[in-house]
Amino acid sequence: MTSRIHLLSPRLANQIAAGEVVERPANIVKELVENALDAGADRIEIDAEQGGVKLLRIRDNGHGISKDDLPLALSRHATSKIITLDDLEAVGSLGFRGEALASISSVTRLTLTSREQQANEAWQVTAEGRDMVASVSPAAHPVGTTIEVRDLFFNTPARRKFLRTEKTEFSHLEETVNRLALSRYDVGFTLRHNGKVIHALRPASRDIDREKRVAQLLNPAFMDSAVHIEREAAGLTLQGWVGLPTFSRSQADMQYFFVNGRVVRDKLVVHAIKQAYRDVLYHGRHPAFVLYLWLDPKLVDVNVHPTKHEVRFRDGRLVHDYLFRTLHKALADVRPDAQQAPGGRIDDGGQGHPVLAHTQSPASGLEAGEFSEQTRLNWQASPANAGSLNYTGSSGVSPSAVSEQLQAYQSLSQPLSQPLSADNGSQAVAPMLPQSDDEDMPPLGFAIAQLHGIYILAQNAMGMVVVDMHAAHERITYERLKLAVDEQGIQSQPLLVPETLAVSEREADAAEQYAEEFQRLGVVLARVGPESILIRQIPVLLQQANVAQLITDMLSDLMQHGSSDRILAFRNEVLSTMACHGSVRANRKLTLPEMNALLRDMEATERSGQCNHGRPTWTQMTMPELDKLFLRGR
Ligand SMILES: Nc1ncnc2c1ncn2[C@@H]1O[C@H](COP(=O)(O)OP(=O)(O)OP(=O)(O)O)[C@@H](O)[C@H]1O
Ligand SMILES: [Mg+2]
């Protein structure tokens, strides 16, 4: 008898559907706030009790729902947002399935009250998860909609058991509201929990107000350490803020990405951003960012996940490339720049960070080379450049100089018993300060002294600069090594004994398909069976790597993202270690010209704001900050 086919009751069908959409109060808030946004509201109030399990009330001032449509609003597959498949393919609204209210009302006690713009009275429907046939009655309500949802999972006890503590549920809920509030600055949001106001965010139209909202929702320190991004190319626009590597997190908990205004968690996006940070972030640290990607809605499919948290890009590779290149460049551009207002602080418990230079290139195509040339500041001809460290000039390195340079770095790492420069006679003691002419003052100023053999103390136009000598030199050496190795190209070497690798058939296919890509990276593979490949040749710098693991990982990258930067990453790790050993150690006395040369090199070097491990290399304390410290001018 039970094995006969029959139609599910609407209620059960909705409850099953609800399983995909409603897992906890936060999901309900997401759906209801999205509905309010779709209705054009610019004020949204969210009240929650007991983590949202007992009660959720979302009130908006949007266009409301007409009396006749009210019962339909709660039925499944009923929507005002799309009519045809074409609409779906270019959908601009957050909702489109006509499913949220039906699902929510099947597992809660729901009351919807709404008044349309032209209507002179409001109407109300209620649903208690039972018959799903709603009755409409008159009510009092201003233009807009209020949805009240009580007793989540009151009729599905098994699912109620999966709810966590009030505190946990509320923190999920708050996080959801934060994400939505970051998606629409023009909308005011109020969030209350058990009667207490948690957030009261007014609509923000000016840049400064938007930044304030970000600071309030994430962390004020994030805004202080963020690089602003604004870039348009190939029909894609990326805006927002990325945290400096010196502001990294132990968890991936400050990552906000929006595609056409929709909150999205996407593997491809995460991968591209991680890759952009790879060279500046220490292992296990996570970047912080708030980024908005805009593109033609036709180029992205939002209908791939029940909670719409994932999207599918029509040209994933283009998006990946664009994200990576844009962010990689933005991070490379972070270096001392006198033009920028001081952002560094000393008095915040080690959270100090360099002043930012975030020159953005104007909108243009994604031509190769576009990202490689940095705008050089014009202080390179500064007389202080005549330093006596091994890195006198910042100009290009010829391939032949590489091995020479590597040797030089090797010798640098030997602890010296005497100052680096033997004849530092008279010029070393002459403080290289320009004649109080701020115009000629380079961003990091001129060295005054060395502190305990660790820090360089310098004076610039804004006040005092403190540089971690070793960290700074390490970054400069590292960037140099990369440049040198880049120019030399990848040196590849056949393995004495080729290694056979057992892989899946798909992986073996990929190995064949990407043979050229591998070759470009110095890896020569041959397929020797349906499920095995032979590694014939690998780059010299990879000699110490676990090659089998590396190749397997690369295959999986290539299959997923169409590109892999693992060889580069491993090579950089090797160079980073070399740079660390090849950099000036603490307790080495530097002469003033040496110190000045280091400062000039920092100014000219990409990513010099942090060392290879993501720690800051320098910090600034301005005169006003010093004055404040000494209660001057109070
Ligand atoms: N706050 C609101 N203001 C005005 N209309 C609303 C509001 N909430 C819901 N509606 C109306 O009710 C309909 C059903 O809402 P529901 O959230 O169930 O579906 P949807 O938003 O169309 O699609 P999705 O299931 O993807 O969210 C909407 O299409 C909209 O017309
Ligand atoms: Mg909806």
# chains A, B, ... in the order shown; residues from 1 in each chain; ligands from 1

call {"tool": "select_by_dssp", "arguments": {"residues": "region 31-91 of chain A", "states": "strand (DSSP E or B)", "output": "ChimeraX atom specification"}}
result
/A:43-49,55-60

call {"tool": "write_last_selection", "arguments": {"atoms": "N, CA, C and O atoms", "output": "CSV table (one decimal), in the first residue's frame"}}
result
chain,number,residue,atom,x,y,z
A,43,ARG,N,14.6,51.4,4.2
A,43,ARG,CA,14.7,51.2,5.6
A,43,ARG,C,14.3,49.8,6.0
A,43,ARG,O,13.1,49.4,5.6
A,44,ILE,N,15.1,49.1,6.7
A,44,ILE,CA,14.7,47.7,7.1
A,44,ILE,C,15.0,47.5,8.5
A,44,ILE,O,16.2,47.8,9.0
A,45,GLU,N,14.1,47.0,9.3
A,45,GLU,CA,14.3,46.8,10.7
A,45,GLU,C,14.2,45.3,11.0
A,45,GLU,O,13.2,44.7,10.5
A,46,ILE,N,15.1,44.8,11.7
A,46,ILE,CA,15.1,43.4,12.0
A,46,ILE,C,15.1,43.2,13.6
A,46,ILE,O,16.0,43.7,14.2
A,47,ASP,N,14.1,42.6,14.1
A,47,ASP,CA,14.0,42.3,15.5
A,47,ASP,C,14.1,40.8,15.7
A,47,ASP,O,13.5,40.0,15.0
A,48,ALA,N,14.9,40.4,16.6
A,48,ALA,CA,15.0,38.9,16.9
A,48,ALA,C,14.9,38.7,18.4
A,48,ALA,O,15.3,39.5,19.2
A,49,GLU,N,14.3,37.6,18.7
A,49,GLU,CA,14.2,37.2,20.1
A,49,GLU,C,14.8,35.7,20.3
A,49,GLU,O,14.5,34.9,19.4
A,55,LEU,N,11.3,34.4,17.8
A,55,LEU,CA,10.7,35.4,17.0
A,55,LEU,C,11.7,36.1,16.1
A,55,LEU,O,12.8,36.5,16.5
A,56,LEU,N,11.2,36.4,14.9
A,56,LEU,CA,11.9,37.2,13.9
A,56,LEU,C,10.9,38.2,13.4
A,56,LEU,O,9.8,37.8,12.9
A,57,ARG,N,11.2,39.5,13.4
A,57,ARG,CA,10.2,40.4,12.7
A,57,ARG,C,11.0,41.3,11.8
A,57,ARG,O,12.0,42.0,12.2
A,58,ILE,N,10.7,41.3,10.5
A,58,ILE,CA,11.4,42.1,9.5
A,58,ILE,C,10.4,43.1,9.0
A,58,ILE,O,9.3,42.7,8.4
A,59,ARG,N,10.7,44.4,9.1
A,59,ARG,CA,9.7,45.4,8.7
A,59,ARG,C,10.4,46.2,7.6
A,59,ARG,O,11.6,46.6,7.8
A,60,ASP,N,9.7,46.5,6.5
A,60,ASP,CA,10.4,47.3,5.5
A,60,ASP,C,9.4,48.4,5.0
A,60,ASP,O,8.2,48.4,5.3

call {"tool": "residues_near_ligand", "arguments": {"ligand": "ligand 1", "cutoff": "6 Å", "atoms": "only C-alpha atoms and all ligand atoms", "output": "count of residues only"}}
result
22

call {"tool": "residues_around", "arguments": {"residues": "Ala204 (chain A)", "least_positions_apart": "6", "cutoff": "8 Å", "atoms": "only C-alpha atoms", "output": "mmCIF file with C-alpha atoms, in the first residue's frame"}}
result
data_model
loop_
_atom_site.group_PDB
_atom_site.id
_atom_site.type_symbol
_atom_site.label_atom_id
_atom_site.label_comp_id
_atom_site.auth_asym_id
_atom_site.auth_seq_id
_atom_site.Cartn_x
_atom_site.Cartn_y
_atom_site.Cartn_z
ATOM 1 C CA TYR A 185 24.896 51.125 1.512
ATOM 2 C CA ASP A 186 21.865 53.110 0.342
ATOM 3 C CA VAL A 187 19.612 51.201 2.719
ATOM 4 C CA GLY A 188 19.318 51.831 6.447
ATOM 5 C CA ARG A 210 30.346 53.896 3.424
ATOM 6 C CA ARG A 213 29.814 51.373 7.798
#

call {"tool": "closest_residue", "arguments": {"among": "A:Arg11, A:Lys308, A:His320, A:Phe189", "to": "ligand 2", "atoms": "only C-alpha atoms and all ligand atoms"}}
result
A:Lys308

call {"tool": "select_by_dssp", "arguments": {"residues": "region 31-278 of chain A", "states": "helix (DSSP H, G or I)", "output": "PyMOL selection string"}}
result
chain A and resi 31-38+50-52+67-73+85-89+100-106+157-160+166-183+207-217+220-224+267-277

call {"tool": "write_last_selection", "arguments": {"atoms": "C-alpha atoms", "output": "compact mmCIF listing (two decimals), in the first residue's frame"}}
result
# COMPACT_ATOMS: atom_id res chain seq x y z
CA GLU A 31 15.35 35.53 2.59
CA LEU A 32 13.12 38.14 4.22
CA VAL A 33 15.64 40.99 3.97
CA GLU A 34 16.28 40.08 0.34
CA ASN A 35 12.54 40.31 -0.29
CA ALA A 36 12.49 43.75 1.34
CA LEU A 37 15.41 44.88 -0.84
CA ASP A 38 13.68 43.54 -3.94
CA GLN A 50 16.17 34.23 21.54
CA GLY A 51 18.55 34.09 18.65
CA GLY A 52 15.65 34.39 16.21
CA LYS A 67 -4.47 42.33 -1.10
CA ASP A 68 -5.18 39.97 -3.96
CA ASP A 69 -1.62 38.77 -4.14
CA LEU A 70 -1.26 38.08 -0.42
CA PRO A 71 -2.36 34.44 -0.38
CA LEU A 72 -0.24 33.77 -3.46
CA ALA A 73 2.85 35.20 -1.80
CA LEU A 85 13.41 31.66 -18.77
CA ASP A 86 14.99 34.70 -20.43
CA ASP A 87 14.18 36.71 -17.32
CA LEU A 88 15.96 34.13 -15.22
CA GLU A 89 19.06 34.30 -17.36
CA ALA A 100 11.18 31.37 0.28
CA LEU A 101 7.90 32.39 1.91
CA ALA A 102 6.27 29.03 1.19
CA SER A 103 9.20 27.21 2.79
CA ILE A 104 9.44 29.49 5.79
CA SER A 105 5.70 29.41 6.45
CA SER A 106 5.73 25.61 6.43
CA PRO A 157 10.94 18.64 16.24
CA ALA A 158 13.66 16.58 14.57
CA ARG A 159 15.01 19.67 12.87
CA ARG A 160 14.65 21.80 15.97
CA GLU A 166 20.80 31.32 21.39
CA LYS A 167 24.20 32.98 21.25
CA THR A 168 25.42 30.91 18.31
CA GLU A 169 22.20 31.35 16.37
CA PHE A 170 22.28 35.07 16.93
CA SER A 171 25.88 35.37 15.82
CA HIS A 172 24.98 33.62 12.55
CA LEU A 173 22.05 35.94 12.20
CA GLU A 174 24.14 39.02 12.86
CA GLU A 175 26.73 37.88 10.33
CA THR A 176 23.97 37.52 7.75
CA VAL A 177 22.71 41.02 8.49
CA ASN A 178 26.27 42.36 8.23
CA ARG A 179 26.67 40.84 4.80
CA LEU A 180 23.37 42.26 3.62
CA ALA A 181 24.21 45.68 5.07
CA LEU A 182 27.52 45.61 3.18
CA SER A 183 25.65 44.81 -0.01
CA ASP A 207 32.32 57.52 0.50
CA ILE A 208 33.20 58.44 4.03
CA ASP A 209 29.88 57.11 5.34
CA ARG A 210 30.35 53.90 3.42
CA GLU A 211 33.78 53.50 4.92
CA LYS A 212 32.32 54.15 8.33
CA ARG A 213 29.81 51.37 7.80
CA VAL A 214 32.55 48.95 6.81
CA ALA A 215 34.61 49.96 9.82
CA GLN A 216 31.64 49.48 12.12
CA LEU A 217 30.65 46.11 10.72
CA PRO A 220 37.91 49.88 12.60
CA ALA A 221 41.46 48.55 12.25
CA PHE A 222 40.53 46.94 8.94
CA MET A 223 39.70 50.26 7.34
CA ASP A 224 42.97 51.73 8.61
CA LYS A 267 35.59 28.59 -4.64
CA LEU A 268 36.96 30.19 -7.77
CA VAL A 269 36.86 33.63 -6.18
CA VAL A 270 38.51 32.45 -2.98
CA HIS A 271 41.23 30.71 -4.96
CA ALA A 272 42.01 33.78 -7.06
CA ILE A 273 42.24 36.03 -4.03
CA LYS A 274 44.37 33.59 -2.07
CA GLN A 275 46.71 33.38 -5.00
CA ALA A 276 47.00 37.16 -5.13
CA TYR A 277 48.10 37.18 -1.49

call {"tool": "residues_around", "arguments": {"residues": "Thr326 (chain A)", "least_positions_apart": "2", "cutoff": "9 Å", "atoms": "only C-alpha atoms", "output": "list in words"}}
result
Ile229, Arg231, Leu238, Ala276, Asp321, Tyr322, Leu323, Phe324, His328, Lys329, Ala330, Leu331 and Phe371 of chain A

call {"tool": "atom_distance", "arguments": {"atom1": "CA of Gly489 (chain A)", "atom2": "CA of Pro539 (chain A)"}}
result
10.2 Å

call {"tool": "closest_residue", "arguments": {"among": "A:His561, A:Arg115, A:His283, A:Arg262", "to": "His141 (chain A)", "atoms": "only C-alpha atoms"}}
result
A:Arg115

call {"tool": "residues_around", "arguments": {"residues": "Glu516 (chain A)", "least_positions_apart": "6", "cutoff": "12 Å", "atoms": "only C-alpha atoms", "output": "PyMOL selection string"}}
result
chain A and resi 510+522-526+563
